[in-house]
$ cat entry_28.txt   # compact mmCIF, N, CA and C atoms
# COMPACT_ATOMS: atom_id res chain seq x y z
N MET A 1 81.67 68.90 138.54
CA MET A 1 82.85 68.10 138.27
C MET A 1 83.18 67.30 139.52
N GLN A 2 83.38 66.03 139.34
CA GLN A 2 83.74 65.14 140.44
C GLN A 2 85.20 65.38 140.87
N ASN A 3 85.51 65.02 142.10
CA ASN A 3 86.87 65.19 142.60
C ASN A 3 87.89 64.47 141.72
N SER A 4 87.55 63.27 141.29
CA SER A 4 88.49 62.50 140.46
C SER A 4 88.70 63.18 139.11
N GLU A 5 87.67 63.81 138.58
CA GLU A 5 87.81 64.55 137.32
C GLU A 5 88.65 65.81 137.53
N ALA A 6 88.46 66.47 138.66
CA ALA A 6 89.24 67.68 138.96
C ALA A 6 90.72 67.34 139.10
N ILE A 7 91.03 66.25 139.75
CA ILE A 7 92.45 65.89 139.91
C ILE A 7 93.03 65.45 138.56
N ALA A 8 92.24 64.79 137.74
CA ALA A 8 92.71 64.40 136.40
C ALA A 8 92.98 65.63 135.55
N LEU A 9 92.07 66.60 135.62
CA LEU A 9 92.28 67.85 134.88
C LEU A 9 93.52 68.57 135.39
N SER A 10 93.67 68.64 136.70
CA SER A 10 94.85 69.30 137.29
C SER A 10 96.13 68.62 136.83
N ALA A 11 96.15 67.31 136.87
CA ALA A 11 97.34 66.56 136.45
C ALA A 11 97.64 66.80 134.98
N ALA A 12 96.60 66.83 134.14
CA ALA A 12 96.81 67.05 132.71
C ALA A 12 97.37 68.44 132.44
N VAL A 13 96.80 69.47 133.10
CA VAL A 13 97.28 70.85 132.89
C VAL A 13 98.73 70.97 133.36
N LEU A 14 99.04 70.39 134.51
CA LEU A 14 100.42 70.45 135.01
C LEU A 14 101.39 69.70 134.10
N ALA A 15 100.97 68.56 133.58
CA ALA A 15 101.83 67.80 132.66
C ALA A 15 102.08 68.59 131.39
N VAL A 16 101.02 69.20 130.85
CA VAL A 16 101.18 70.00 129.63
C VAL A 16 102.11 71.18 129.91
N ALA A 17 101.91 71.87 131.02
CA ALA A 17 102.74 73.03 131.34
C ALA A 17 104.21 72.63 131.53
N GLY A 18 104.44 71.55 132.25
CA GLY A 18 105.81 71.10 132.45
C GLY A 18 106.48 70.68 131.15
N GLY A 19 105.75 69.94 130.33
CA GLY A 19 106.30 69.51 129.04
C GLY A 19 106.56 70.69 128.12
N LEU A 20 105.65 71.63 128.11
CA LEU A 20 105.81 72.81 127.27
C LEU A 20 107.03 73.63 127.72
N THR A 21 107.17 73.83 129.01
CA THR A 21 108.32 74.55 129.54
C THR A 21 109.62 73.86 129.12
N GLN A 22 109.65 72.55 129.26
CA GLN A 22 110.86 71.79 128.90
C GLN A 22 111.17 71.90 127.41
N ARG A 23 110.15 71.77 126.56
CA ARG A 23 110.39 71.86 125.11
C ARG A 23 110.85 73.25 124.69
N ILE A 24 110.27 74.28 125.30
CA ILE A 24 110.71 75.64 124.97
C ILE A 24 112.15 75.82 125.42
N HIS A 25 112.47 75.38 126.62
CA HIS A 25 113.84 75.50 127.13
C HIS A 25 114.82 74.77 126.20
N GLU A 26 114.51 73.55 125.84
CA GLU A 26 115.38 72.80 124.94
C GLU A 26 115.54 73.51 123.60
N GLY A 27 114.47 74.10 123.09
CA GLY A 27 114.53 74.84 121.83
C GLY A 27 115.40 76.07 121.92
N VAL A 28 115.34 76.76 123.05
CA VAL A 28 116.18 77.95 123.25
C VAL A 28 117.65 77.55 123.30
N VAL A 29 117.95 76.50 124.04
CA VAL A 29 119.34 76.02 124.12
C VAL A 29 119.82 75.56 122.75
N ALA A 30 118.97 74.85 122.01
CA ALA A 30 119.35 74.38 120.67
C ALA A 30 119.62 75.53 119.71
N ARG A 31 119.04 76.70 120.00
CA ARG A 31 119.25 77.88 119.16
C ARG A 31 120.46 78.69 119.62
N GLY A 32 121.27 78.12 120.51
CA GLY A 32 122.54 78.73 120.86
C GLY A 32 122.57 79.54 122.15
N PHE A 33 121.54 79.48 122.95
CA PHE A 33 121.51 80.25 124.19
C PHE A 33 121.81 79.34 125.37
N GLU A 34 123.08 79.04 125.53
CA GLU A 34 123.55 78.19 126.62
C GLU A 34 123.49 78.98 127.93
N GLY A 35 123.33 78.26 129.02
CA GLY A 35 123.37 78.91 130.33
C GLY A 35 122.09 79.60 130.75
N VAL A 36 121.02 79.43 129.99
CA VAL A 36 119.74 79.98 130.41
C VAL A 36 118.92 78.88 131.08
N ARG A 37 118.06 79.30 131.97
CA ARG A 37 117.17 78.38 132.66
C ARG A 37 115.73 78.82 132.40
N PRO A 38 114.78 77.93 132.60
CA PRO A 38 113.38 78.34 132.43
C PRO A 38 113.01 79.57 133.27
N ALA A 39 113.57 79.70 134.46
CA ALA A 39 113.26 80.87 135.30
C ALA A 39 113.67 82.17 134.60
N HIS A 40 114.73 82.12 133.80
CA HIS A 40 115.13 83.30 133.04
C HIS A 40 114.03 83.68 132.05
N GLY A 41 113.48 82.68 131.39
CA GLY A 41 112.40 82.95 130.43
C GLY A 41 111.18 83.56 131.11
N PHE A 42 110.84 83.06 132.30
CA PHE A 42 109.72 83.64 133.04
C PHE A 42 109.99 85.10 133.38
N ALA A 43 111.25 85.42 133.67
CA ALA A 43 111.62 86.82 133.94
C ALA A 43 111.53 87.64 132.66
N PHE A 44 111.99 87.09 131.54
CA PHE A 44 111.95 87.82 130.27
C PHE A 44 110.52 88.23 129.90
N VAL A 45 109.55 87.35 130.23
CA VAL A 45 108.15 87.67 129.94
C VAL A 45 107.75 88.97 130.61
N ARG A 46 108.20 89.18 131.85
CA ARG A 46 107.85 90.40 132.58
C ARG A 46 108.66 91.60 132.10
N LEU A 47 109.90 91.37 131.70
CA LEU A 47 110.77 92.48 131.30
C LEU A 47 110.41 93.02 129.92
N ALA A 48 109.86 92.19 129.05
CA ALA A 48 109.46 92.66 127.72
C ALA A 48 108.07 93.27 127.84
N PRO A 49 107.75 94.34 127.19
CA PRO A 49 108.59 95.12 126.29
C PRO A 49 109.25 96.34 126.94
N ASP A 50 108.78 96.77 128.12
CA ASP A 50 109.22 98.06 128.65
C ASP A 50 110.12 97.98 129.87
N GLY A 51 110.53 96.80 130.27
CA GLY A 51 111.36 96.66 131.45
C GLY A 51 110.52 96.62 132.72
N ALA A 52 111.21 96.43 133.84
CA ALA A 52 110.54 96.35 135.14
C ALA A 52 111.58 96.60 136.22
N THR A 53 111.09 96.94 137.40
CA THR A 53 111.99 97.06 138.54
C THR A 53 112.20 95.68 139.15
N VAL A 54 113.18 95.57 140.03
CA VAL A 54 113.41 94.31 140.73
C VAL A 54 112.17 93.95 141.55
N THR A 55 111.54 94.94 142.14
CA THR A 55 110.32 94.70 142.93
C THR A 55 109.21 94.13 142.05
N ASP A 56 109.03 94.71 140.85
CA ASP A 56 108.03 94.19 139.91
C ASP A 56 108.35 92.75 139.53
N LEU A 57 109.62 92.49 139.26
CA LEU A 57 110.04 91.16 138.84
C LEU A 57 109.82 90.15 139.97
N ALA A 58 110.14 90.55 141.19
CA ALA A 58 109.93 89.66 142.34
C ALA A 58 108.46 89.28 142.47
N ALA A 59 107.58 90.26 142.33
CA ALA A 59 106.14 89.99 142.43
C ALA A 59 105.69 89.06 141.30
N HIS A 60 106.20 89.28 140.11
CA HIS A 60 105.83 88.46 138.95
C HIS A 60 106.26 87.01 139.14
N LEU A 61 107.46 86.82 139.67
CA LEU A 61 108.00 85.47 139.83
C LEU A 61 107.57 84.80 141.13
N GLY A 62 106.98 85.58 142.04
CA GLY A 62 106.57 85.02 143.32
C GLY A 62 107.75 84.68 144.21
N VAL A 63 108.79 85.51 144.13
CA VAL A 63 109.99 85.30 144.94
C VAL A 63 110.28 86.56 145.74
N THR A 64 111.26 86.48 146.63
CA THR A 64 111.63 87.65 147.40
C THR A 64 112.38 88.64 146.52
N LYS A 65 112.43 89.87 146.99
CA LYS A 65 113.18 90.90 146.26
C LYS A 65 114.66 90.50 146.18
N GLN A 66 115.18 89.90 147.24
CA GLN A 66 116.57 89.45 147.23
C GLN A 66 116.80 88.39 146.15
N ALA A 67 115.90 87.43 146.04
CA ALA A 67 116.04 86.39 145.01
C ALA A 67 115.96 87.01 143.62
N ALA A 68 115.04 87.95 143.42
CA ALA A 68 114.94 88.62 142.12
C ALA A 68 116.20 89.40 141.82
N SER A 69 116.78 90.05 142.83
CA SER A 69 118.03 90.80 142.64
C SER A 69 119.16 89.87 142.20
N GLN A 70 119.22 88.69 142.81
CA GLN A 70 120.25 87.72 142.43
C GLN A 70 120.04 87.24 140.99
N LEU A 71 118.79 87.02 140.62
CA LEU A 71 118.50 86.61 139.24
C LEU A 71 118.90 87.71 138.26
N VAL A 72 118.56 88.95 138.60
CA VAL A 72 118.94 90.08 137.73
C VAL A 72 120.46 90.16 137.61
N GLU A 73 121.18 90.02 138.71
CA GLU A 73 122.64 90.08 138.66
C GLU A 73 123.19 89.00 137.74
N GLU A 74 122.62 87.80 137.81
CA GLU A 74 123.05 86.71 136.92
C GLU A 74 122.77 87.07 135.46
N LEU A 75 121.60 87.62 135.19
CA LEU A 75 121.25 87.98 133.81
C LEU A 75 122.09 89.13 133.29
N VAL A 76 122.48 90.06 134.16
CA VAL A 76 123.39 91.14 133.75
C VAL A 76 124.74 90.54 133.38
N ARG A 77 125.26 89.66 134.22
CA ARG A 77 126.57 89.02 133.95
C ARG A 77 126.56 88.26 132.62
N LYS A 78 125.44 87.63 132.31
CA LYS A 78 125.34 86.85 131.08
C LYS A 78 124.99 87.69 129.86
N GLY A 79 124.74 88.98 130.07
CA GLY A 79 124.49 89.89 128.96
C GLY A 79 123.07 89.93 128.45
N TYR A 80 122.11 89.40 129.23
CA TYR A 80 120.72 89.36 128.78
C TYR A 80 119.93 90.61 129.17
N VAL A 81 120.33 91.28 130.24
CA VAL A 81 119.61 92.47 130.69
C VAL A 81 120.63 93.53 131.11
N GLU A 82 120.13 94.75 131.24
CA GLU A 82 120.94 95.83 131.78
C GLU A 82 120.07 96.71 132.67
N ARG A 83 120.73 97.40 133.58
CA ARG A 83 120.03 98.33 134.46
C ARG A 83 120.11 99.73 133.86
N ARG A 84 118.98 100.43 133.93
CA ARG A 84 118.92 101.81 133.45
C ARG A 84 118.24 102.67 134.50
N PRO A 85 118.46 103.97 134.44
CA PRO A 85 117.71 104.83 135.36
C PRO A 85 116.21 104.70 135.10
N HIS A 86 115.42 104.69 136.17
CA HIS A 86 113.97 104.62 136.02
C HIS A 86 113.45 105.96 135.53
N PRO A 87 112.55 105.99 134.56
CA PRO A 87 112.12 107.27 133.98
C PRO A 87 111.31 108.16 134.92
N VAL A 88 110.68 107.59 135.96
CA VAL A 88 109.86 108.42 136.85
C VAL A 88 110.22 108.28 138.33
N ASP A 89 111.02 107.29 138.69
CA ASP A 89 111.40 107.08 140.09
C ASP A 89 112.92 107.07 140.21
N ALA A 90 113.46 108.18 140.69
CA ALA A 90 114.92 108.32 140.76
C ALA A 90 115.56 107.29 141.69
N ARG A 91 114.79 106.73 142.61
CA ARG A 91 115.35 105.73 143.54
C ARG A 91 115.44 104.35 142.92
N ALA A 92 114.68 104.09 141.88
CA ALA A 92 114.60 102.74 141.30
C ALA A 92 115.44 102.64 140.04
N ARG A 93 115.78 101.42 139.71
CA ARG A 93 116.46 101.12 138.45
C ARG A 93 115.51 100.28 137.61
N LEU A 94 115.52 100.54 136.32
CA LEU A 94 114.70 99.78 135.39
C LEU A 94 115.57 98.69 134.78
N ILE A 95 115.09 97.46 134.83
CA ILE A 95 115.80 96.33 134.25
C ILE A 95 115.19 96.09 132.87
N VAL A 96 116.02 96.15 131.83
CA VAL A 96 115.53 95.99 130.46
C VAL A 96 116.35 94.92 129.73
N LEU A 97 115.72 94.31 128.75
CA LEU A 97 116.42 93.32 127.93
C LEU A 97 117.44 94.01 127.03
N THR A 98 118.60 93.38 126.88
CA THR A 98 119.60 93.82 125.91
C THR A 98 119.25 93.18 124.56
N GLU A 99 120.02 93.47 123.55
CA GLU A 99 119.80 92.82 122.25
C GLU A 99 119.91 91.31 122.40
N ARG A 100 120.85 90.83 123.21
CA ARG A 100 120.98 89.39 123.46
C ARG A 100 119.72 88.84 124.14
N GLY A 101 119.17 89.62 125.07
CA GLY A 101 117.93 89.21 125.74
C GLY A 101 116.77 89.14 124.77
N TRP A 102 116.68 90.13 123.88
CA TRP A 102 115.62 90.11 122.87
C TRP A 102 115.80 88.93 121.92
N ALA A 103 117.04 88.63 121.55
CA ALA A 103 117.30 87.49 120.66
C ALA A 103 116.89 86.18 121.33
N CYS A 104 117.16 86.07 122.62
CA CYS A 104 116.76 84.88 123.36
C CYS A 104 115.24 84.78 123.43
N THR A 105 114.58 85.92 123.60
CA THR A 105 113.12 85.96 123.63
C THR A 105 112.55 85.50 122.29
N ARG A 106 113.15 85.97 121.20
CA ARG A 106 112.69 85.53 119.87
C ARG A 106 112.91 84.02 119.69
N ALA A 107 114.03 83.52 120.21
CA ALA A 107 114.29 82.07 120.14
C ALA A 107 113.23 81.30 120.93
N ALA A 108 112.81 81.84 122.06
CA ALA A 108 111.76 81.18 122.86
C ALA A 108 110.43 81.20 122.12
N GLU A 109 110.14 82.29 121.42
CA GLU A 109 108.90 82.35 120.63
C GLU A 109 108.91 81.29 119.53
N GLU A 110 110.05 81.14 118.86
CA GLU A 110 110.17 80.11 117.82
C GLU A 110 110.04 78.72 118.42
N ALA A 111 110.67 78.51 119.57
CA ALA A 111 110.60 77.21 120.23
C ALA A 111 109.16 76.91 120.69
N ALA A 112 108.45 77.94 121.15
CA ALA A 112 107.06 77.76 121.56
C ALA A 112 106.20 77.36 120.36
N ALA A 113 106.43 78.00 119.23
CA ALA A 113 105.68 77.64 118.02
C ALA A 113 105.95 76.18 117.64
N ASP A 114 107.21 75.77 117.74
CA ASP A 114 107.55 74.38 117.46
C ASP A 114 106.88 73.43 118.45
N ALA A 115 106.82 73.86 119.72
CA ALA A 115 106.27 73.00 120.77
C ALA A 115 104.76 72.80 120.63
N VAL A 116 104.04 73.80 120.15
CA VAL A 116 102.59 73.65 120.03
C VAL A 116 102.15 73.13 118.66
N ARG A 117 103.08 73.04 117.74
CA ARG A 117 102.73 72.52 116.41
C ARG A 117 102.09 71.13 116.49
N PRO A 118 102.60 70.21 117.32
CA PRO A 118 101.93 68.90 117.43
C PRO A 118 100.50 69.00 117.97
N TRP A 119 100.22 70.00 118.78
CA TRP A 119 98.85 70.20 119.28
C TRP A 119 97.93 70.54 118.11
N VAL A 120 98.42 71.40 117.21
CA VAL A 120 97.63 71.80 116.04
C VAL A 120 97.39 70.58 115.15
N GLU A 121 98.42 69.76 114.99
CA GLU A 121 98.28 68.55 114.17
C GLU A 121 97.27 67.58 114.78
N LEU A 122 97.25 67.50 116.11
CA LEU A 122 96.36 66.57 116.80
C LEU A 122 94.93 67.10 116.90
N LEU A 123 94.78 68.37 117.27
CA LEU A 123 93.47 68.94 117.56
C LEU A 123 92.90 69.81 116.45
N GLY A 124 93.76 70.34 115.60
CA GLY A 124 93.35 71.31 114.60
C GLY A 124 93.56 72.72 115.13
N GLU A 125 93.80 73.64 114.21
CA GLU A 125 94.10 75.01 114.61
C GLU A 125 92.94 75.67 115.36
N GLY A 126 91.72 75.41 114.92
CA GLY A 126 90.56 76.00 115.57
C GLY A 126 90.44 75.57 117.02
N GLU A 127 90.64 74.29 117.29
CA GLU A 127 90.55 73.79 118.67
C GLU A 127 91.67 74.36 119.54
N VAL A 128 92.85 74.51 118.98
CA VAL A 128 93.96 75.09 119.75
C VAL A 128 93.66 76.55 120.06
N ARG A 129 93.07 77.26 119.12
CA ARG A 129 92.68 78.66 119.39
C ARG A 129 91.62 78.73 120.49
N VAL A 130 90.67 77.82 120.48
CA VAL A 130 89.65 77.76 121.54
C VAL A 130 90.31 77.44 122.88
N LEU A 131 91.23 76.49 122.88
CA LEU A 131 91.96 76.16 124.10
C LEU A 131 92.69 77.38 124.65
N CYS A 132 93.36 78.09 123.76
CA CYS A 132 94.07 79.31 124.16
C CYS A 132 93.10 80.33 124.75
N ASP A 133 91.98 80.53 124.09
CA ASP A 133 90.97 81.47 124.57
C ASP A 133 90.47 81.07 125.96
N ARG A 134 90.18 79.81 126.16
CA ARG A 134 89.68 79.34 127.46
C ARG A 134 90.72 79.51 128.56
N LEU A 135 91.96 79.19 128.25
CA LEU A 135 93.02 79.34 129.26
C LEU A 135 93.23 80.81 129.61
N LEU A 136 93.15 81.69 128.62
CA LEU A 136 93.29 83.12 128.89
C LEU A 136 92.12 83.65 129.71
N ARG A 137 90.95 83.05 129.58
CA ARG A 137 89.81 83.44 130.42
C ARG A 137 90.04 83.02 131.87
N ILE A 138 90.69 81.89 132.07
CA ILE A 138 90.95 81.40 133.42
C ILE A 138 92.08 82.21 134.07
N ALA A 139 93.13 82.48 133.33
CA ALA A 139 94.31 83.19 133.86
C ALA A 139 94.68 84.31 132.89
N PRO A 140 93.89 85.40 132.87
CA PRO A 140 94.09 86.43 131.84
C PRO A 140 95.37 87.24 131.97
N TYR A 141 95.92 87.39 133.15
CA TYR A 141 97.05 88.29 133.32
C TYR A 141 98.30 87.62 133.88
N GLY A 142 98.30 86.32 133.98
CA GLY A 142 99.43 85.65 134.60
C GLY A 142 99.33 85.83 136.10
N PRO A 143 100.38 86.04 136.82
CA PRO A 143 101.74 86.03 136.32
C PRO A 143 102.21 84.63 135.99
N ILE A 144 103.28 84.57 135.25
CA ILE A 144 103.87 83.29 134.91
C ILE A 144 104.97 83.05 135.92
N ARG A 145 104.75 82.08 136.77
CA ARG A 145 105.71 81.82 137.85
C ARG A 145 106.32 80.43 137.71
N PRO A 146 107.64 80.37 137.86
CA PRO A 146 108.26 79.04 137.85
C PRO A 146 107.87 78.28 139.11
N ALA A 147 107.78 76.99 139.00
CA ALA A 147 107.41 76.17 140.13
C ALA A 147 108.62 75.49 140.75
N TRP A 148 109.82 75.89 140.36
CA TRP A 148 111.03 75.28 140.89
C TRP A 148 112.03 76.31 141.26
$ encode --input "entry_28.txt" --output "structure tokens"
Amino acid sequence: MQNSEAIALSAAVLAVAGGLTQRIHEGVVARGFEGVRPAHGFAFVRLAPDGATVTDLAAHLGVTKQAASQLVEELVRKGYVERRPHPVDARARLIVLTERGWACTRAAEEAAADAVRPWVELLGEGEVRVLCDRLLRIAPYGPIRPAW
């Protein structure tokens, strides 16, 4: 692959990711979840299904433990997560989604389906499945980190 092709591919992937993030965010807000930011959604990905510690969340988001703690405090205030005793580490707290957090997650899933529907119309379902497979081969485990 030539350098110019690599930069074109990079630009296309970044444009798709940014547009997808924006469409999902707009869909979540349109479904009644005011006051959420894309960074909240990136945190929800790590917290579902079994919760995580602040340290786990910080590593997932690529931020400091202090920044993750501030994000968790904001999400607690907004009713999206709650702190629980950790089942195996008495020193740690487990951060888990509340029913409101799960509802927001479901809204994001619906918004994601809406956002990729035009891809299916343009490329066909088979091609979109291949695209998904290829992207998962490149980045199989995430993490999903906000770039802002």
$ atom_distance --input "entry_28.txt" --atom1 "atom N of Thr105 in chain A" --atom2 "atom N of Arg77 in chain A"
15.5 Å
$ closest_residue --input "entry_28.txt" --among "A:Ile24, A:Ala92, A:Leu136, A:Leu97" --to "Ala115 in chain A" --atoms "all atoms listed in the file"
A:Ile24
$ axis_aligned_box --input "entry_28.txt" --around "range 110-113 of chain A" --padding-each-side "3 Å" --output "AutoDock Vina command-line options"
--center_x 108.2 --center_y 78.7 --center_z 119.6 --size_x 11.0 --size_y 11.0 --size_z 9.9
$ select_by_dssp --input "entry_28.txt" --residues "range 1-132 of chain A" --states "helix (DSSP H, G or I)" --output "VMD selection string"
chain A and resid 3 to 30 38 to 47 54 to 61 65 to 77 99 to 123 125 to 132
$ closest_residue --input "entry_28.txt" --among "A:Asp50, A:Glu127, A:Glu110, A:Glu34" --to "Leu94 in chain A" --atoms "all atoms listed in the file"
A:Asp50
